[in-house]
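Participant: Provided herewith is a single structure, encoded as structure tokens, for subsequent inquiry.
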Amino acid sequence: GGRPHVIITNLEHDSVSLTVQKMEEQGKIEATVLKADPSTGMVSPQQVSAALRPSTVLVSVMLANNETGIIQPVGEIVMVVRRYEKECNKKRRIYVHTDAAQALGKIPVDATELGVDYLTIVGHKFYGPRVGALFVRGLEQRETPLYPMLYGGGQERGHRPGTENTGMIAGLGKAAELVADHVEEYQSHLSSVRDYLEEQLHAQFADQVHFNGRFDGSPRIPNTCNVSLLGPKLQGNRVVSALERCQASVGAACHSHAVSRPSPILLAVGVPEAVAVNALRLSVGRETVKEDIDTFLEDLKNTVAKLTSSSAQ
């Protein structure tokens with residue numbers, strides 16, 4: 001009896017959190033939103049364990065956050081869920097989904113090793129075309145359910161009607177193949193360039209720099225740096241608009257129209273509101289080199305000087 005219960009975190013991308021919110025409003029599910037620990041930026045397996053109940057059907061925890069880069073302990077969360085199923089002699093499986101969009105191409109991602117039932121990715125995060133894919137564990141054997149959202153054709157084994165977009169599918173496959181073959185070298189390159197960026201930010205702005213979501217002991221994907229430059233005229237959107245040569249975003253790139261509100265993700269990981277409104281999300285890529293970082297820092301220094309000079313309004 002009762003409605004099915006779904007567990008997510010307060011770090012999820014809107015594509016997950018708003019879907020769950022809408023389903024709860026429609027009375028289809030009950031939802032628990034776990035809060036990340038502001039001292040680690042992570043949701044712990046213990047929190048998930050405490051939230052599980054007999055009516056739980058789905059747990060969805062993102063693999064790496066798109067704003068802070070913090071990696072969540074998804075593999076351990078899966079183990080906690082499986083232990084609960086055994087202990088409670090649960091007849092129905094609790095399915096685990098992870099949104100791996102931000103992680104793929106930056107760190108090794110192995111759906112089997114993680115033990116998840118569902119894993120979502122999207123091509124443009126790893127140099128592929130802008131098309132998504134869903135991994136479903138044991139789909140052929142019908143171990144894990146997948147219901148069509150649309151009807152009208154037998155394509156994709158009856159799960160998604162409409163003529164297959166062959167070019168996009170092939171492009172996604174090739175991009176994924178490159179990741180499978182080269183992820184370690186991508187990871188080490190991104191890491192060295194991002195670390196150089198953070199060292200230089202600290203060297204050039206000293207105490208004016210506040211790194212958001214950088215915690216000892218919390219692993220991050222290697223391409224992301226979320227930083228605030230402290231000062232009353234240095235709101236993220238003002239800095240981004242005033243940069244002359246470089247581009248950055250103030251939060252999730254897909255939501256950058258909501259300019260002056262602090263990111264809920266940063267507030268969720270304990271960043272004070274006055275610091276969060278100044279946040280810049282800086283990402284390095286496969287082709288970014290240290291000279292690009294030097295160019296960016298020069299641009300940033302000039303921009304900060306311009307915005308903080310007495311004539312800037």
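Labeling convention for the structure tokens: chains A, B, ... as they appear, residues from 1 per chain, ligands from 1 in order of appearance.
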Neighbouring residues of Tyr118 of chain A were defined as those with any atom within 9 Å, considering only C-alpha atoms; residues of the same chain fewer than 4 positions away were excluded. Please report them as a list in words.
Facilitator: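 Near Tyr118 of chain A, the qualifying residues are Tyr95, Val96, His97, Thr98, Asp99, Ala111, Leu134, Phe135, Val136, Arg137 and Thr144 of chain A.
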Participant: With a distance cut-off of 8 Å and only C-alpha atoms, select the neighbouring residues of Arg214 of chain A, excluding the residue or stretch itself and same-chain residues fewer than 4 positions from it, and output the selection as a list in words.
Facilitator: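 My list of contacting residues is Thr68, Ile70, Ser218 and Arg220 of chain A.
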Participant: Can I get the selected residues back with all heavy atoms, as a PDB file, in the first residue's frame?
Facilitator:
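Below is the file that was written, out_8.pdb:
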ATOM      1  N   THR A  68      30.325  21.800  -8.675  1.00  0.00           N
ATOM      2  CA  THR A  68      31.481  21.700  -7.776  1.00  0.00           C
ATOM      3  C   THR A  68      32.477  20.643  -8.236  1.00  0.00           C
ATOM      4  O   THR A  68      33.646  20.680  -7.846  1.00  0.00           O
ATOM      5  CB  THR A  68      31.029  21.303  -6.355  1.00  0.00           C
ATOM      6  OG1 THR A  68      30.424  20.003  -6.430  1.00  0.00           O
ATOM      7  CG2 THR A  68      30.047  22.317  -5.791  1.00  0.00           C
ATOM      8  N   ILE A  70      32.366  17.604  -7.270  1.00  0.00           N
ATOM      9  CA  ILE A  70      32.536  16.590  -6.211  1.00  0.00           C
ATOM     10  C   ILE A  70      31.914  15.259  -6.648  1.00  0.00           C
ATOM     11  O   ILE A  70      30.807  15.209  -7.178  1.00  0.00           O
ATOM     12  CB  ILE A  70      31.906  17.074  -4.889  1.00  0.00           C
ATOM     13  CG1 ILE A  70      32.647  18.311  -4.376  1.00  0.00           C
ATOM     14  CG2 ILE A  70      31.948  15.968  -3.831  1.00  0.00           C
ATOM     15  CD1 ILE A  70      31.975  18.999  -3.204  1.00  0.00           C
ATOM     16  N   SER A 218      37.351  14.970  -0.147  1.00  0.00           N
ATOM     17  CA  SER A 218      36.227  14.804  -1.093  1.00  0.00           C
ATOM     18  C   SER A 218      36.789  14.838  -2.512  1.00  0.00           C
ATOM     19  O   SER A 218      37.261  15.882  -2.957  1.00  0.00           O
ATOM     20  CB  SER A 218      35.198  15.924  -0.920  1.00  0.00           C
ATOM     21  OG  SER A 218      34.605  15.845   0.355  1.00  0.00           O
ATOM     22  N   ARG A 220      37.217  15.129  -6.490  1.00  0.00           N
ATOM     23  CA  ARG A 220      36.548  15.948  -7.524  1.00  0.00           C
ATOM     24  C   ARG A 220      36.942  15.447  -8.908  1.00  0.00           C
ATOM     25  O   ARG A 220      38.035  14.924  -9.079  1.00  0.00           O
ATOM     26  CB  ARG A 220      37.004  17.410  -7.428  1.00  0.00           C
ATOM     27  CG  ARG A 220      36.561  18.152  -6.194  1.00  0.00           C
ATOM     28  CD  ARG A 220      36.991  19.626  -6.264  1.00  0.00           C
ATOM     29  NE  ARG A 220      38.427  19.796  -6.256  1.00  0.00           N
ATOM     30  CZ  ARG A 220      39.059  20.894  -6.680  1.00  0.00           C
ATOM     31  NH1 ARG A 220      38.383  21.906  -7.188  1.00  0.00           N
ATOM     32  NH2 ARG A 220      40.377  20.980  -6.628  1.00  0.00           N
TER      33      ARG A 220
END
Participant: For Gln72 of chain A, list every protein, DNA or RNA residue within 9 Å, evaluated using only C-alpha atoms, and leave out those in the same chain fewer than 6 positions away; present the list as a list in words.
Facilitator: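 Neighbouring residues, sequence-local ones excluded: Gly41, Met42, Val43, Ser44, Val61, Met62, Leu63, Ala64, Asn65, Ser218, Pro219 and Arg220 of chain A.
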Participant: Could those selected residues go to a file with N, CA and C atoms, as a PDB file, in the first residue's frame?
Facilitator:
ATOM      1  N   GLY A  41      30.477  18.198   1.125  1.00  0.00           N
ATOM      2  CA  GLY A  41      29.833  18.332  -0.183  1.00  0.00           C
ATOM      3  C   GLY A  41      29.283  17.028  -0.711  1.00  0.00           C
ATOM      4  N   MET A  42      29.215  16.014   0.164  1.00  0.00           N
ATOM      5  CA  MET A  42      28.782  14.688  -0.266  1.00  0.00           C
ATOM      6  C   MET A  42      27.578  14.201   0.528  1.00  0.00           C
ATOM      7  N   VAL A  43      26.846  13.279  -0.084  1.00  0.00           N
ATOM      8  CA  VAL A  43      25.787  12.553   0.626  1.00  0.00           C
ATOM      9  C   VAL A  43      26.392  11.200   0.990  1.00  0.00           C
ATOM     10  N   SER A  44      26.245  10.785   2.225  1.00  0.00           N
ATOM     11  CA  SER A  44      26.911   9.554   2.666  1.00  0.00           C
ATOM     12  C   SER A  44      26.015   8.330   2.461  1.00  0.00           C
ATOM     13  N   VAL A  61      21.316   9.147  -7.354  1.00  0.00           N
ATOM     14  CA  VAL A  61      22.390  10.004  -6.839  1.00  0.00           C
ATOM     15  C   VAL A  61      23.371  10.251  -7.972  1.00  0.00           C
ATOM     16  N   MET A  62      23.651  11.540  -8.267  1.00  0.00           N
ATOM     17  CA  MET A  62      24.556  11.840  -9.377  1.00  0.00           C
ATOM     18  C   MET A  62      25.985  11.387  -9.051  1.00  0.00           C
ATOM     19  N   LEU A  63      26.730  11.049 -10.098  1.00  0.00           N
ATOM     20  CA  LEU A  63      28.087  10.556  -9.889  1.00  0.00           C
ATOM     21  C   LEU A  63      29.053  11.705  -9.585  1.00  0.00           C
ATOM     22  N   ALA A  64      28.959  12.777 -10.369  1.00  0.00           N
ATOM     23  CA  ALA A  64      29.810  13.945 -10.096  1.00  0.00           C
ATOM     24  C   ALA A  64      28.978  15.188 -10.321  1.00  0.00           C
ATOM     25  N   ASN A  65      29.117  16.152  -9.425  1.00  0.00           N
ATOM     26  CA  ASN A  65      28.296  17.351  -9.539  1.00  0.00           C
ATOM     27  C   ASN A  65      28.811  18.284 -10.634  1.00  0.00           C
ATOM     28  N   SER A 218      37.351  14.970  -0.147  1.00  0.00           N
ATOM     29  CA  SER A 218      36.227  14.804  -1.093  1.00  0.00           C
ATOM     30  C   SER A 218      36.789  14.838  -2.512  1.00  0.00           C
ATOM     31  N   PRO A 219      36.749  13.699  -3.213  1.00  0.00           N
ATOM     32  CA  PRO A 219      37.329  13.675  -4.561  1.00  0.00           C
ATOM     33  C   PRO A 219      36.524  14.539  -5.527  1.00  0.00           C
ATOM     34  N   ARG A 220      37.217  15.129  -6.490  1.00  0.00           N
ATOM     35  CA  ARG A 220      36.548  15.948  -7.524  1.00  0.00           C
ATOM     36  C   ARG A 220      36.942  15.447  -8.908  1.00  0.00           C
TER      37      ARG A 220
END
Participant: Tell me which of A:Glu184, A:Ile29, A:Arg157, A:Met79 sits closest to Glu113 of chain A, counting only C-alpha atoms.
Facilitator: A:Met79
Participant: Compare A:Gly152, A:Ala180, A:Val131, A:Glu287 by their minimum atom-to-atom distance to Val193 of chain A, counting only C-alpha atoms, and give me the closest one.
Facilitator: A:Glu287
Participant: Residues at most 6 Å from segment 9-23 of chain A, counting only C-alpha atoms, excluding those fewer than 6 positions away in the same chain, as an MDAnalysis selection string?
Facilitator: chainID A and resid 33:35 265
Participant: Considering only alpha helix (DSSP H) as DSSP defines it on the backbone, what residues of segment 188-300 of chain A qualify? List them as JSON, numbers by chain.
Facilitator: {"A": [188, 189, 190, 191, 192, 193, 194, 195, 196, 197, 198, 199, 200, 201, 202, 203, 204, 205, 236, 237, 238, 239, 240, 241, 242, 264, 265, 266, 267, 268, 273, 274, 275, 276, 290, 291, 292, 293, 294, 295, 296, 297, 298, 299, 300]}
Participant: Looking at only C-alpha atoms, which of A:Val179, A:Ser283, A:Val271, A:Val304 is the one that sits closest to Lys233 of chain A?
Facilitator: A:Val304
Participant: So which one's closest to Val48 of chain A, A:Gly153, A:Pro108, A:Pro73, A:Pro232? Using only C-alpha atoms, please.
Facilitator: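 The answer is A:Pro73, which sits nearest to Val48 of chain A.
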Participant: May I have all residues of segment 135-312 of chain A that DSSP, computed from the backbone, assigns to strand (DSSP E), given as a list in words?
Facilitator: Phe135, Val136, Val209, His210, Phe211, Thr224, Cys225, Asn226, Val227, Ser228, Leu229, Ala279, Leu280, Arg281, Leu282 and Ser283 of chain A
Participant: I want to know what sits within 12 Å of Arg53 of chain A, based on only C-alpha atoms, with residues of the same chain fewer than 6 positions away left out; could you give that as an NGL selection string?
Facilitator: :A and (2-7 or 30-32 or 59 or 81 or 84-85 or 87-88 or 90 or 94)
Participant: Which residues are close to Leu243 of chain A, i.e. within 10 Å by only C-alpha atoms, leaving aside same-chain residues fewer than 2 positions away? Reply as a list in words.
Facilitator: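 Close residues of Leu243 of chain A: Arg238, Val239, Val240, Ser241, Arg245, Cys246, Gln247, Ala248, Phe296, Asp299, Leu300, Lys301, Asn302, Thr303 and Val304 of chain A.
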Participant: Would you write out those residues with N, CA and C atoms, as an mmCIF file, in the first residue's frame?
Facilitator:
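Listing of part-v7.cif after writing:
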data_model
loop_
_atom_site.group_PDB
_atom_site.id
_atom_site.type_symbol
_atom_site.label_atom_id
_atom_site.label_comp_id
_atom_site.auth_asym_id
_atom_site.auth_seq_id
_atom_site.Cartn_x
_atom_site.Cartn_y
_atom_site.Cartn_z
ATOM 1 N N ARG A 238 28.636 39.771 -13.113
ATOM 2 C CA ARG A 238 29.339 41.003 -13.525
ATOM 3 C C ARG A 238 30.725 40.671 -14.059
ATOM 4 N N VAL A 239 31.396 39.764 -13.373
ATOM 5 C CA VAL A 239 32.753 39.392 -13.792
ATOM 6 C C VAL A 239 32.709 38.707 -15.161
ATOM 7 N N VAL A 240 31.803 37.743 -15.305
ATOM 8 C CA VAL A 240 31.692 37.001 -16.570
ATOM 9 C C VAL A 240 31.373 37.951 -17.731
ATOM 10 N N SER A 241 30.473 38.904 -17.493
ATOM 11 C CA SER A 241 30.087 39.849 -18.559
ATOM 12 C C SER A 241 31.235 40.769 -18.929
ATOM 13 N N ARG A 245 38.363 38.446 -23.005
ATOM 14 C CA ARG A 245 38.908 37.429 -23.908
ATOM 15 C C ARG A 245 38.429 36.020 -23.597
ATOM 16 N N CYS A 246 37.918 35.793 -22.419
ATOM 17 C CA CYS A 246 37.615 34.423 -21.996
ATOM 18 C C CYS A 246 36.146 34.274 -21.634
ATOM 19 N N GLN A 247 35.707 33.027 -21.595
ATOM 20 C CA GLN A 247 34.322 32.745 -21.224
ATOM 21 C C GLN A 247 34.286 31.850 -19.993
ATOM 22 N N ALA A 248 33.328 32.102 -19.132
ATOM 23 C CA ALA A 248 33.117 31.270 -17.956
ATOM 24 C C ALA A 248 31.625 31.284 -17.688
ATOM 25 N N PHE A 296 43.881 33.680 -19.342
ATOM 26 C CA PHE A 296 42.663 33.874 -18.553
ATOM 27 C C PHE A 296 42.939 34.723 -17.307
ATOM 28 N N ASP A 299 43.312 38.333 -18.102
ATOM 29 C CA ASP A 299 41.983 38.879 -18.395
ATOM 30 C C ASP A 299 41.207 39.103 -17.086
ATOM 31 N N LEU A 300 41.271 38.114 -16.190
ATOM 32 C CA LEU A 300 40.545 38.194 -14.923
ATOM 33 C C LEU A 300 41.085 39.338 -14.054
ATOM 34 N N LYS A 301 42.418 39.467 -13.999
ATOM 35 C CA LYS A 301 43.020 40.545 -13.184
ATOM 36 C C LYS A 301 42.592 41.922 -13.692
ATOM 37 N N ASN A 302 42.620 42.084 -15.020
ATOM 38 C CA ASN A 302 42.202 43.374 -15.615
ATOM 39 C C ASN A 302 40.726 43.646 -15.326
ATOM 40 N N THR A 303 39.922 42.589 -15.410
ATOM 41 C CA THR A 303 38.475 42.724 -15.169
ATOM 42 C C THR A 303 38.201 43.115 -13.721
ATOM 43 N N VAL A 304 38.882 42.463 -12.785
ATOM 44 C CA VAL A 304 38.700 42.767 -11.364
ATOM 45 C C VAL A 304 39.132 44.206 -11.077
#
Participant: Calculated over only C-alpha atoms, which of the candidates A:Leu280, A:Gln235, A:Asp37, A:Gly128 has the smallest distance to Ser260 of chain A?
Facilitator: A:Gln235
Participant: Of the candidates A:Val250, A:Ala103, A:Leu266, A:Leu114, which one gets nearest to Leu282 of chain A if we count only C-alpha atoms?
Facilitator: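 Closest candidate: A:Val250.
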Participant: Extract, using only C-alpha atoms, all DNA, RNA and protein residues at most 8 Å from Ile121 of chain A, discarding same-chain residues fewer than 3 positions from it, and format them as a short mmCIF file (atom, residue, chain, number, x, y, z; two decimals) with N, CA, C and O atoms, in the first residue's frame.
Facilitator:
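Below is the file that was written, around_24.cif:
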data_model
loop_
_atom_site.label_atom_id
_atom_site.label_comp_id
_atom_site.auth_asym_id
_atom_site.auth_seq_id
_atom_site.Cartn_x
_atom_site.Cartn_y
_atom_site.Cartn_z
N ASP A 99 23.26 9.75 -12.45
CA ASP A 99 23.43 10.70 -13.54
C ASP A 99 24.95 10.88 -13.68
O ASP A 99 25.58 11.53 -12.85
N ALA A 100 25.51 10.24 -14.70
CA ALA A 100 26.97 10.26 -14.89
C ALA A 100 27.39 11.26 -15.97
O ALA A 100 28.52 11.23 -16.45
N ALA A 101 26.46 12.16 -16.33
CA ALA A 101 26.73 13.10 -17.44
C ALA A 101 28.05 13.84 -17.24
O ALA A 101 28.84 13.98 -18.16
N GLN A 102 28.28 14.33 -16.03
CA GLN A 102 29.44 15.19 -15.80
C GLN A 102 30.72 14.39 -15.59
O GLN A 102 31.81 14.92 -15.72
N LEU A 104 31.63 11.25 -17.10
CA LEU A 104 32.17 10.49 -18.23
C LEU A 104 33.16 11.34 -19.04
O LEU A 104 32.88 12.49 -19.35
N GLY A 132 21.81 12.05 -25.73
CA GLY A 132 22.00 11.30 -24.49
C GLY A 132 21.85 9.80 -24.70
O GLY A 132 21.41 9.34 -25.76
N ALA A 133 22.24 9.05 -23.68
CA ALA A 133 22.04 7.60 -23.70
C ALA A 133 21.77 7.12 -22.28
O ALA A 133 22.24 7.72 -21.32
N LEU A 134 20.99 6.06 -22.20
CA LEU A 134 20.66 5.46 -20.91
C LEU A 134 21.17 4.03 -20.90
O LEU A 134 20.83 3.23 -21.78
#
